[in-house]
Each structure stands twice: as C-alpha cells, then as structure tokens.
>>> print(open('data32.pdb').read())   # PDB, C-alpha atoms
MODEL        1
ATOM      1  CA  ASP A   1     -18.829  43.146  23.479
ATOM      2  CA  ASN A   2     -15.440  41.815  24.397
ATOM      3  CA  PRO A   3     -13.856  42.205  27.841
ATOM      4  CA  GLY A   4     -10.421  41.636  26.313
ATOM      5  CA  ILE A   5      -7.326  39.936  27.663
ATOM      6  CA  HIS A   6      -6.966  39.345  31.393
ATOM      7  CA  ASN A   7      -3.971  38.310  33.475
ATOM      8  CA  ASP A   8      -5.246  34.734  33.611
ATOM      9  CA  GLY A   9      -5.539  34.568  29.809
ATOM     10  CA  VAL A  10      -9.345  34.498  29.648
ATOM     11  CA  THR A  11     -10.997  36.250  26.715
ATOM     12  CA  PHE A  12     -14.482  36.181  25.233
ATOM     13  CA  PRO A  13     -14.548  36.979  21.503
ATOM     14  CA  PRO A  14     -17.733  38.264  19.841
ATOM     15  CA  GLY A  15     -20.412  35.597  19.578
ATOM     16  CA  SER A  16     -19.360  33.827  22.779
ATOM     17  CA  GLY A  17     -22.419  34.905  24.760
ATOM     18  CA  SER A  18     -22.377  35.509  28.518
ATOM     19  CA  VAL A  19     -20.610  33.356  31.094
ATOM     20  CA  ASP A  20     -22.920  31.792  33.687
ATOM     21  CA  SER A  21     -22.838  33.575  37.012
ATOM     22  CA  PRO A  22     -20.393  31.939  39.439
ATOM     23  CA  SER A  23     -21.635  29.954  42.423
ATOM     24  CA  ILE A  24     -20.225  31.506  45.610
ATOM     25  CA  ASP A  25     -19.902  29.750  48.954
ATOM     26  CA  PHE A  26     -20.022  32.367  51.727
ATOM     27  CA  THR A  27     -20.997  30.087  54.633
ATOM     28  CA  SER A  28     -17.752  30.933  56.417
ATOM     29  CA  LEU A  29     -18.210  34.678  55.996
ATOM     30  CA  GLY A  30     -18.540  36.450  59.361
ATOM     31  CA  GLY A  31     -20.893  39.265  60.340
ATOM     32  CA  THR A  32     -24.609  39.866  60.755
ATOM     33  CA  LEU A  33     -26.619  38.632  57.750
ATOM     34  CA  ALA A  34     -23.399  38.516  55.733
ATOM     35  CA  GLN A  35     -23.763  37.413  52.158
ATOM     36  CA  VAL A  36     -22.086  37.812  48.758
ATOM     37  CA  ASP A  37     -23.877  38.695  45.542
ATOM     38  CA  SER A  38     -22.467  38.720  42.029
ATOM     39  CA  SER A  39     -23.435  41.168  39.325
ATOM     40  CA  SER A  40     -22.542  41.639  35.673
ATOM     41  CA  VAL A  41     -20.431  44.713  35.015
ATOM     42  CA  VAL A  42     -20.464  44.235  31.237
ATOM     43  CA  GLU A  43     -22.824  41.872  29.472
ATOM     44  CA  GLY A  44     -21.330  39.448  26.992
ATOM     45  CA  SER A  45     -21.984  39.598  23.263
ATOM     46  CA  ILE A  46     -25.068  38.030  21.742
ATOM     47  CA  PRO A  47     -24.368  34.299  21.322
ATOM     48  CA  LEU A  48     -24.515  32.697  17.892
ATOM     49  CA  THR A  49     -27.935  31.078  17.581
ATOM     50  CA  GLY A  50     -30.666  30.740  15.012
ATOM     51  CA  ARG A  51     -32.396  28.442  12.573
ATOM     52  CA  PHE A  52     -33.040  28.440   8.843
ATOM     53  CA  GLN A  53     -35.315  26.678   6.403
ATOM     54  CA  LEU A  54     -34.730  25.237   2.959
ATOM     55  CA  GLU A  55     -37.321  25.649   0.219
ATOM     56  CA  ILE A  56     -37.510  23.186  -2.682
ATOM     57  CA  ASP A  57     -40.155  23.689  -5.368
ATOM     58  CA  GLY A  58     -42.342  25.680  -2.990
ATOM     59  CA  GLU A  59     -42.151  23.264  -0.053
ATOM     60  CA  GLN A  60     -40.236  24.314   3.059
ATOM     61  CA  SER A  61     -38.296  22.181   5.461
ATOM     62  CA  VAL A  62     -38.689  22.306   9.227
ATOM     63  CA  PRO A  63     -36.522  24.950  10.961
ATOM     64  CA  ILE A  64     -32.921  23.683  10.993
ATOM     65  CA  PRO A  65     -30.378  24.762  13.652
ATOM     66  CA  TYR A  66     -27.656  26.993  12.180
ATOM     67  CA  ALA A  67     -24.947  24.514  13.227
ATOM     68  CA  ALA A  68     -26.770  21.356  12.057
ATOM     69  CA  ASP A  69     -24.565  18.506  10.879
ATOM     70  CA  SER A  70     -24.905  16.749   7.524
ATOM     71  CA  THR A  71     -27.155  13.998   8.944
ATOM     72  CA  SER A  72     -29.670  16.531  10.303
ATOM     73  CA  LEU A  73     -29.699  18.346   6.956
ATOM     74  CA  GLU A  74     -30.273  15.092   5.072
ATOM     75  CA  HIS A  75     -33.237  14.197   7.259
ATOM     76  CA  ALA A  76     -34.746  17.671   6.928
ATOM     77  CA  VAL A  77     -34.580  17.514   3.120
ATOM     78  CA  MET A  78     -35.731  13.900   2.819
ATOM     79  CA  ASP A  79     -38.761  14.670   4.999
ATOM     80  CA  LEU A  80     -40.133  16.847   2.196
ATOM     81  CA  SER A  81     -42.804  15.163   0.087
ATOM     82  CA  ASN A  82     -41.204  16.230  -3.191
ATOM     83  CA  THR A  83     -37.705  14.829  -2.609
ATOM     84  CA  GLY A  84     -36.150  11.409  -2.677
ATOM     85  CA  ARG A  85     -33.024  10.161  -0.997
ATOM     86  CA  VAL A  86     -30.295  12.795  -0.836
ATOM     87  CA  SER A  87     -26.761  13.014   0.509
ATOM     88  CA  VAL A  88     -25.374  16.110   2.179
ATOM     89  CA  GLU A  89     -21.769  17.150   2.706
ATOM     90  CA  THR A  90     -20.913  19.976   5.075
ATOM     91  CA  ARG A  91     -17.779  22.096   5.139
ATOM     92  CA  GLU A  92     -16.650  24.964   7.298
ATOM     93  CA  HIS A  93     -16.841  28.370   5.628
ATOM     94  CA  ALA A  94     -14.953  31.332   7.036
ATOM     95  CA  MET A  95     -17.272  34.016   5.712
ATOM     96  CA  LYS A  96     -16.522  37.057   7.900
ATOM     97  CA  VAL A  97     -13.286  38.985   7.600
ATOM     98  CA  ILE A  98     -11.399  39.593  10.859
ATOM     99  CA  PRO A  99     -10.792  43.358  10.699
ATOM    100  CA  ASN A 100      -7.325  44.876  10.852
ATOM    101  CA  VAL A 101      -5.426  41.614  11.339
ATOM    102  CA  LEU A 102      -2.686  40.874   8.816
ATOM    103  CA  VAL A 103      -0.187  38.036   9.018
ATOM    104  CA  ASP A 104       2.954  36.920   7.208
ATOM    105  CA  VAL A 105       3.600  33.254   6.421
ATOM    106  CA  GLU A 106       6.152  31.448   4.304
ATOM    107  CA  LEU A 107       5.058  29.089   1.527
ATOM    108  CA  ASP A 108       4.054  25.747   3.118
ATOM    109  CA  GLY A 109       4.908  27.247   6.505
ATOM    110  CA  SER A 110       3.139  26.344   9.755
ATOM    111  CA  VAL A 111       3.762  29.561  11.717
ATOM    112  CA  LEU A 112       1.866  32.824  11.216
ATOM    113  CA  ALA A 113       3.551  36.094  12.197
ATOM    114  CA  VAL A 114       1.042  38.832  13.050
ATOM    115  CA  GLN A 115       2.128  42.153  11.577
ATOM    116  CA  GLU A 116       3.092  44.875  14.036
ATOM    117  CA  ASP A 117       0.281  47.311  13.298
ATOM    118  CA  SER A 118      -2.446  44.645  13.490
ATOM    119  CA  ASP A 119      -5.029  44.461  16.272
ATOM    120  CA  ASP A 120      -4.532  41.915  19.043
ATOM    121  CA  VAL A 121      -5.952  38.744  17.512
ATOM    122  CA  ARG A 122      -6.516  37.299  20.998
ATOM    123  CA  ASN A 123      -9.371  39.760  21.408
ATOM    124  CA  LEU A 124     -11.090  38.230  18.385
ATOM    125  CA  LEU A 125     -10.331  34.505  18.626
ATOM    126  CA  ALA A 126     -10.649  32.044  21.483
ATOM    127  CA  PRO A 127      -8.586  28.840  21.882
ATOM    128  CA  GLY A 128      -9.970  26.185  19.539
ATOM    129  CA  ASP A 129     -11.465  28.651  17.051
ATOM    130  CA  LYS A 130     -10.758  27.936  13.402
ATOM    131  CA  PHE A 131      -9.958  30.626  10.856
ATOM    132  CA  ARG A 132      -8.808  30.876   7.260
ATOM    133  CA  VAL A 133      -5.768  32.806   6.085
ATOM    134  CA  GLY A 134      -5.962  34.289   2.593
ATOM    135  CA  GLY A 135      -8.586  33.550  -0.016
ATOM    136  CA  SER A 136     -10.705  35.896  -2.036
ATOM    137  CA  GLY A 137     -13.609  36.351   0.331
ATOM    138  CA  ARG A 138     -16.468  37.897  -1.605
ATOM    139  CA  SER A 139     -14.323  39.550  -4.234
ATOM    140  CA  PRO A 140     -15.345  39.178  -7.909
ATOM    141  CA  GLY A 141     -14.781  35.618  -9.100
ATOM    142  CA  GLY A 142     -14.513  34.331  -5.527
ATOM    143  CA  GLU A 143     -16.700  32.335  -3.178
ATOM    144  CA  PRO A 144     -17.501  32.997   0.505
ATOM    145  CA  ASP A 145     -15.137  30.223   1.614
ATOM    146  CA  GLY A 146     -12.175  31.740  -0.261
ATOM    147  CA  ALA A 147     -12.362  29.534  -3.349
ATOM    148  CA  VAL A 148     -11.436  31.226  -6.603
ATOM    149  CA  GLU A 149     -12.736  30.297 -10.057
ATOM    150  CA  ILE A 150      -9.699  29.127 -12.020
ATOM    151  CA  GLY A 151     -11.236  27.874 -15.259
ATOM    152  CA  THR A 152     -13.458  25.293 -16.910
ATOM    153  CA  ALA A 153     -13.154  21.608 -17.765
ATOM    154  CA  SER A 154     -15.168  18.647 -19.032
ATOM    155  CA  LEU A 155     -15.910  15.527 -17.002
ATOM    156  CA  VAL A 156     -17.111  12.024 -17.760
ATOM    157  CA  ALA A 157     -19.077  10.029 -15.187
ATOM    158  CA  ASN A 158     -16.906   7.675 -13.086
ATOM    159  CA  SER A 159     -13.690   9.039 -14.590
ATOM    160  CA  PRO A 160     -11.068  10.823 -12.434
ATOM    161  CA  VAL A 161      -9.682  12.751 -15.427
ATOM    162  CA  LEU A 162     -10.532  16.322 -16.392
ATOM    163  CA  THR A 163     -10.458  17.058 -20.131
ATOM    164  CA  ASN A 164     -10.768  20.210 -22.226
ATOM    165  CA  THR A 165      -9.305  22.199 -19.360
ATOM    166  CA  ALA A 166      -9.092  25.956 -19.817
ATOM    167  CA  LEU A 167      -7.382  27.592 -16.851
ATOM    168  CA  PHE A 168      -7.105  31.312 -16.203
ATOM    169  CA  ASP A 169      -3.298  31.491 -15.909
ATOM    170  CA  GLN A 170      -3.528  29.291 -12.824
ATOM    171  CA  GLU A 171      -1.410  26.249 -11.945
ATOM    172  CA  VAL A 172      -3.040  23.231 -10.308
ATOM    173  CA  ASN A 173      -0.632  21.368  -8.052
ATOM    174  CA  VAL A 174      -0.788  17.826  -6.715
ATOM    175  CA  GLY A 175      -2.233  17.846  -3.198
ATOM    176  CA  GLU A 176      -4.532  20.829  -3.773
ATOM    177  CA  GLN A 177      -8.311  20.589  -3.842
ATOM    178  CA  LEU A 178     -10.755  21.568  -6.569
ATOM    179  CA  ARG A 179     -14.451  22.203  -6.146
ATOM    180  CA  ILE A 180     -16.399  21.062  -9.198
ATOM    181  CA  ARG A 181     -20.174  21.518  -9.289
ATOM    182  CA  GLY A 182     -20.315  21.698  -5.503
ATOM    183  CA  ASN A 183     -18.151  18.648  -4.777
ATOM    184  CA  VAL A 184     -14.553  18.827  -3.547
ATOM    185  CA  TYR A 185     -11.852  16.629  -5.124
ATOM    186  CA  ASP A 186      -8.181  16.064  -4.309
ATOM    187  CA  VAL A 187      -5.668  16.574  -7.126
ATOM    188  CA  VAL A 188      -3.556  13.407  -7.323
ATOM    189  CA  ARG A 189      -1.930  14.077 -10.683
ATOM    190  CA  ASN A 190      -1.573  17.021 -13.023
ATOM    191  CA  SER A 191       0.038  17.363 -16.436
ATOM    192  CA  VAL A 192       3.519  16.697 -15.062
ATOM    193  CA  GLU A 193       5.059  13.807 -17.006
ATOM    194  CA  VAL A 194       5.377  10.426 -15.266
ATOM    195  CA  GLN A 195       7.698   7.748 -16.682
ATOM    196  CA  ALA A 196       8.511   4.228 -15.496
ATOM    197  CA  ILE A 197      11.987   2.706 -15.979
ATOM    198  CA  SER A 198      12.358  -1.066 -15.609
ATOM    199  CA  VAL A 199      15.778  -2.609 -15.005
ATOM    200  CA  SER A 200      16.470  -6.368 -14.954
ATOM    201  CA  ARG A 201      19.491  -8.697 -14.907
ATOM    202  CA  ILE A 202      20.209 -12.418 -15.183
ATOM    203  CA  ALA A 203      20.239 -14.490 -12.020
ATOM    204  CA  GLY A 204      23.533 -14.454 -10.177
ATOM    205  CA  GLN A 205      24.897 -11.282 -11.737
ATOM    206  CA  ALA A 206      26.607  -9.161  -9.117
ATOM    207  CA  ASP A 207      25.628  -5.562  -8.444
ATOM    208  CA  ASP A 208      27.764  -3.145 -10.424
ATOM    209  CA  TYR A 209      27.537   0.016 -12.498
ATOM    210  CA  PHE A 210      24.797  -1.059 -14.830
ATOM    211  CA  TYR A 211      23.000   1.716 -16.738
ATOM    212  CA  GLN A 212      22.626   5.391 -17.518
ATOM    213  CA  ILE A 213      19.498   7.469 -18.203
ATOM    214  CA  GLU A 214      19.376   9.566 -21.356
ATOM    215  CA  VAL A 215      17.066  12.588 -21.329
ATOM    216  CA  THR A 216      16.121  14.607 -24.419
ATOM    217  CA  ILE A 217      14.239  17.897 -24.068
ATOM    218  CA  ASP A 218      13.669  20.335 -26.927
ATOM    219  CA  GLY A 219      16.190  18.479 -29.079
ATOM    220  CA  VAL A 220      18.959  18.625 -26.466
ATOM    221  CA  THR A 221      20.191  15.309 -25.029
ATOM    222  CA  GLU A 222      22.039  14.750 -21.763
ATOM    223  CA  THR A 223      23.064  11.549 -20.007
ATOM    224  CA  THR A 224      23.288  10.847 -16.298
ATOM    225  CA  ALA A 225      26.288   9.366 -14.531
ATOM    226  CA  CYS A 226      26.460   5.552 -14.376
ATOM    227  CA  LEU A 227      24.045   3.982 -11.897
ATOM    228  CA  MET A 228      24.341   0.745  -9.970
ATOM    229  CA  PHE A 229      21.739  -1.905 -10.699
ATOM    230  CA  ASP A 230      20.512  -1.696  -7.113
ATOM    231  CA  ALA A 231      20.633   2.114  -7.040
ATOM    232  CA  SER A 232      18.151   3.562  -4.579
ATOM    233  CA  SER A 233      15.400   5.975  -5.593
ATOM    234  CA  VAL A 234      17.446   8.756  -3.987
ATOM    235  CA  ASP A 235      20.482   7.877  -6.141
ATOM    236  CA  VAL A 236      18.411   7.867  -9.335
ATOM    237  CA  GLU A 237      16.620  11.084  -8.403
ATOM    238  CA  GLN A 238      19.910  12.844  -7.726
ATOM    239  CA  ALA A 239      21.462  11.609 -10.979
ATOM    240  CA  VAL A 240      18.551  12.928 -13.042
ATOM    241  CA  ALA A 241      18.281  16.150 -11.059
ATOM    242  CA  ASP A 242      21.966  16.862 -11.775
ATOM    243  CA  LEU A 243      21.139  17.334 -15.457
ATOM    244  CA  SER A 244      21.022  20.965 -16.544
ATOM    245  CA  PHE A 245      17.351  20.770 -17.571
ATOM    246  CA  PHE A 246      16.070  20.599 -14.033
ATOM    247  CA  GLU A 247      15.918  22.832 -11.008
ATOM    248  CA  GLU A 248      15.680  21.727  -7.386
ATOM    249  CA  GLY A 249      12.435  19.884  -6.736
ATOM    250  CA  ASP A 250      11.631  19.233 -10.410
ATOM    251  CA  VAL A 251      12.394  15.505 -10.229
ATOM    252  CA  ILE A 252      10.773  12.971  -7.893
ATOM    253  CA  VAL A 253      11.662   9.263  -8.083
ATOM    254  CA  SER A 254      10.029   6.325  -6.346
ATOM    255  CA  LYS A 255      11.106   2.687  -6.526
ATOM    256  CA  SER A 256       9.328  -0.649  -6.563
ATOM    257  CA  ASP A 257      10.707  -4.196  -6.523
ATOM    258  CA  THR A 258       8.157  -5.350  -9.089
ATOM    259  CA  THR A 259       7.326  -4.201 -12.591
ATOM    260  CA  THR A 260       4.963  -5.021 -15.431
ATOM    261  CA  GLY A 261       7.479  -3.804 -18.009
TER     262      GLY A 261
ENDMDL
END
>>> encode(input="data32.pdb", output="structure tokens")
Amino acid sequence: DNPGIHNDGVTFPPGSGSVDSPSIDFTSLGGTLAQVDSSSVVEGSIPLTGRFQLEIDGEQSVPIPYAADSTSLEHAVMDLSNTGRVSVETREHAMKVIPNVLVDVELDGSVLAVQEDSDDVRNLLAPGDKFRVGGSGRSPGGEPDGAVEIGTASLVANSPVLTNTALFDQEVNVGEQLRIRGNVYDVVRNSVEVQAISVSRIAGQADDYFYQIEVTIDGVTETTACLMFDASSVDVEQAVADLSFFEEGDVIVSKSDTTTG
C-alpha cells in the first residue's frame, strides 16, 4: 500500500489514494508512430472516503461526509423535524495507533527523538499530517482521543469554578485542558495559593529599602531580604524563592502599578 521513501523525498502513506497519471508530452519523440504510455506498477492505497448518518429518536440525518466541518454537522442535525437549534464543536481525534513507532521527548519539549528500533515514520506520515504522542488510546478509563478520566466534580451554571472535586491521584496544572460533559475547558487556576501584596508611600519619598515579606508555613516563619519600594517582580520573586520553603519554579510574581488594596 505504500511505495516508501524515494530519492526525491516523495512518500504516500496509507489512506493517500492513487496519484493521478502524469501528462506526458512526446511530440518531440522521434521514430515511426512513436508514443509514450504510462502504467501503474503498484496501485495506491484505498483513499479515505465515506459518509455516516446520525439518528436521533428514530429519525436519521442525511448522509454526512466523514470529514464534515461543524457547520455541516449543525445543518444536518437541525434539518431533522425533532430537533431545535443546536451547536456543534469538532475536534481532531487520533484514534489509530501507529504501529512500532516509539519516541522520546523531554517534558515541555518540542523535539521528538524516534527510538532506534522503531519503523521509519516517514513511511506512515506525510508532510502536514497531524498525530498525537502519548495518551491512553482505548485502554480502560481512556477515550479514543487519548483523554483519561481523572475524577469527578460539581459545577454550577455560569460559574468557572469546580467544587467537590475528587481526583484519582492526578494533578491538574494551569494551562491544561479538561473535558467536562463533552465540552473542553482551559485550566486558568488550580488550588495553588494566590496572594496580593500592596505597597504605598507618601508623595515625594525617595526609593529606598522599604519592606520585607514574612512567610509562615506549618508554624515555621522566615523573612525575605529587604526590598526596595520600586522592586521589580523579578526582585520580589527571587527574594521569596530564596526562602527554604520553596523549590525552583514554586513562586511566580507579577506586578501592577494599581491596586484596590
């Protein structure tokens, strides 16, 4: 199904279909009744095609192309006599495992290193193809797109806060995504503590060493070095991070010129 890698870098992974026959100009070819014909040595793989239908309460939609966008899906569902207005969100699901291809990647890294004994991934992917690394696949507790069930929580309409969370020994980090009842949400804050410190001075007072920050954790108190009134967020972050409670990356400080405190 796959002719593989050629010297010019062309490859046709499974599902690509057949390439159209080339158009050949042989008007300058000499000889009696000279002509050039092309033939297929190996046929390409069967291209990805197909349609599906949705059934709601016994009524079926029109056939929908397998790669239909969200607008086409909305129209197909709303055309049913037993539905009202609906909204559809589409996402890409990597549902088929690429066999015998393993990669190594560092946390938050952007480069994948294919392991030595893996198959040549260029025989399976074409430029522009998208693929997912990791995820649970169809393992127990997992979804086809790699999502893993991590626990339960309660929600209130129009509130961005999850309550009564019960996680299965799983951390939820800022910047990750959660799928809740079919919808995907970005995590903008977790249970990490956020505090605001307001500093003010009388008009005309010159910048100088002005304050220290006292931190108490589990009954143990430590104090930062003295900070200038106009200390930058980097200076404050470093002063707090120098306390013995914290490891690298535990403290993040931002600064604003205004305060409600």
>>> closest_residue(input="data32.pdb", among="A:Ser23, A:Gln177, A:Ser256, A:Asn82", to="Ser198 of chain A", atoms="all atoms listed in the file")
A:Ser256
>>> resolve_selection(input="data32.pdb", expression="the PyMOL selection byres ((chain A and resi 178) around 12)", output="PyMOL selection string")
chain A and resi 147-153+162+171-177+179-188
>>> residues_around(input="data32.pdb", residues="Val253 of chain A", least_positions_apart="4", cutoff="8 Å", atoms="all atoms listed in the file", output="list in words")
Ser233, Val234, Val236 and Glu237 of chain A
>>> residues_around(input="data32.pdb", residues="Asp117 of chain A", least_positions_apart="5", cutoff="12 Å", atoms="all atoms listed in the file", output="PDB file with C-alpha atoms, in the coordinates of the input")
ATOM      1  CA  ASN A 100      -7.325  44.876  10.852  1.00  0.00           C
ATOM      2  CA  VAL A 101      -5.426  41.614  11.339  1.00  0.00           C
ATOM      3  CA  LEU A 102      -2.686  40.874   8.816  1.00  0.00           C
ATOM      4  CA  VAL A 103      -0.187  38.036   9.018  1.00  0.00           C
TER       5      VAL A 103
END
>>> atom_distance(input="data32.pdb", atom1="atom CA of Val240 of chain A", atom2="atom CA of Thr223 of chain A")
8.4 Å
>>> atom_distance(input="data32.pdb", atom1="atom CA of Phe52 of chain A", atom2="atom CA of Ile98 of chain A")
24.4 Å
>>> atom_distance(input="data32.pdb", atom1="atom CA of Asp25 of chain A", atom2="atom CA of Asp37 of chain A")
10.4 Å
>>> closest_residue(input="data32.pdb", among="A:Ser232, A:Ile217, A:Lys255, A:His93", to="Lys130 of chain A", atoms="all atoms listed in the file")
A:His93
>>> resolve_selection(input="data32.pdb", expression="the PyMOL selection byres ((chain A and resi 36) around 10)", output="mmCIF file with C-alpha atoms, in the frame of the given file")
data_model
loop_
_atom_site.group_PDB
_atom_site.id
_atom_site.type_symbol
_atom_site.label_atom_id
_atom_site.label_comp_id
_atom_site.auth_asym_id
_atom_site.auth_seq_id
_atom_site.Cartn_x
_atom_site.Cartn_y
_atom_site.Cartn_z
ATOM 1 C CA ILE A 24 -20.225 31.506 45.610
ATOM 2 C CA ASP A 25 -19.902 29.750 48.954
ATOM 3 C CA PHE A 26 -20.022 32.367 51.727
ATOM 4 C CA THR A 27 -20.997 30.087 54.633
ATOM 5 C CA LEU A 29 -18.210 34.678 55.996
ATOM 6 C CA ALA A 34 -23.399 38.516 55.733
ATOM 7 C CA GLN A 35 -23.763 37.413 52.158
ATOM 8 C CA ASP A 37 -23.877 38.695 45.542
ATOM 9 C CA SER A 38 -22.467 38.720 42.029
#
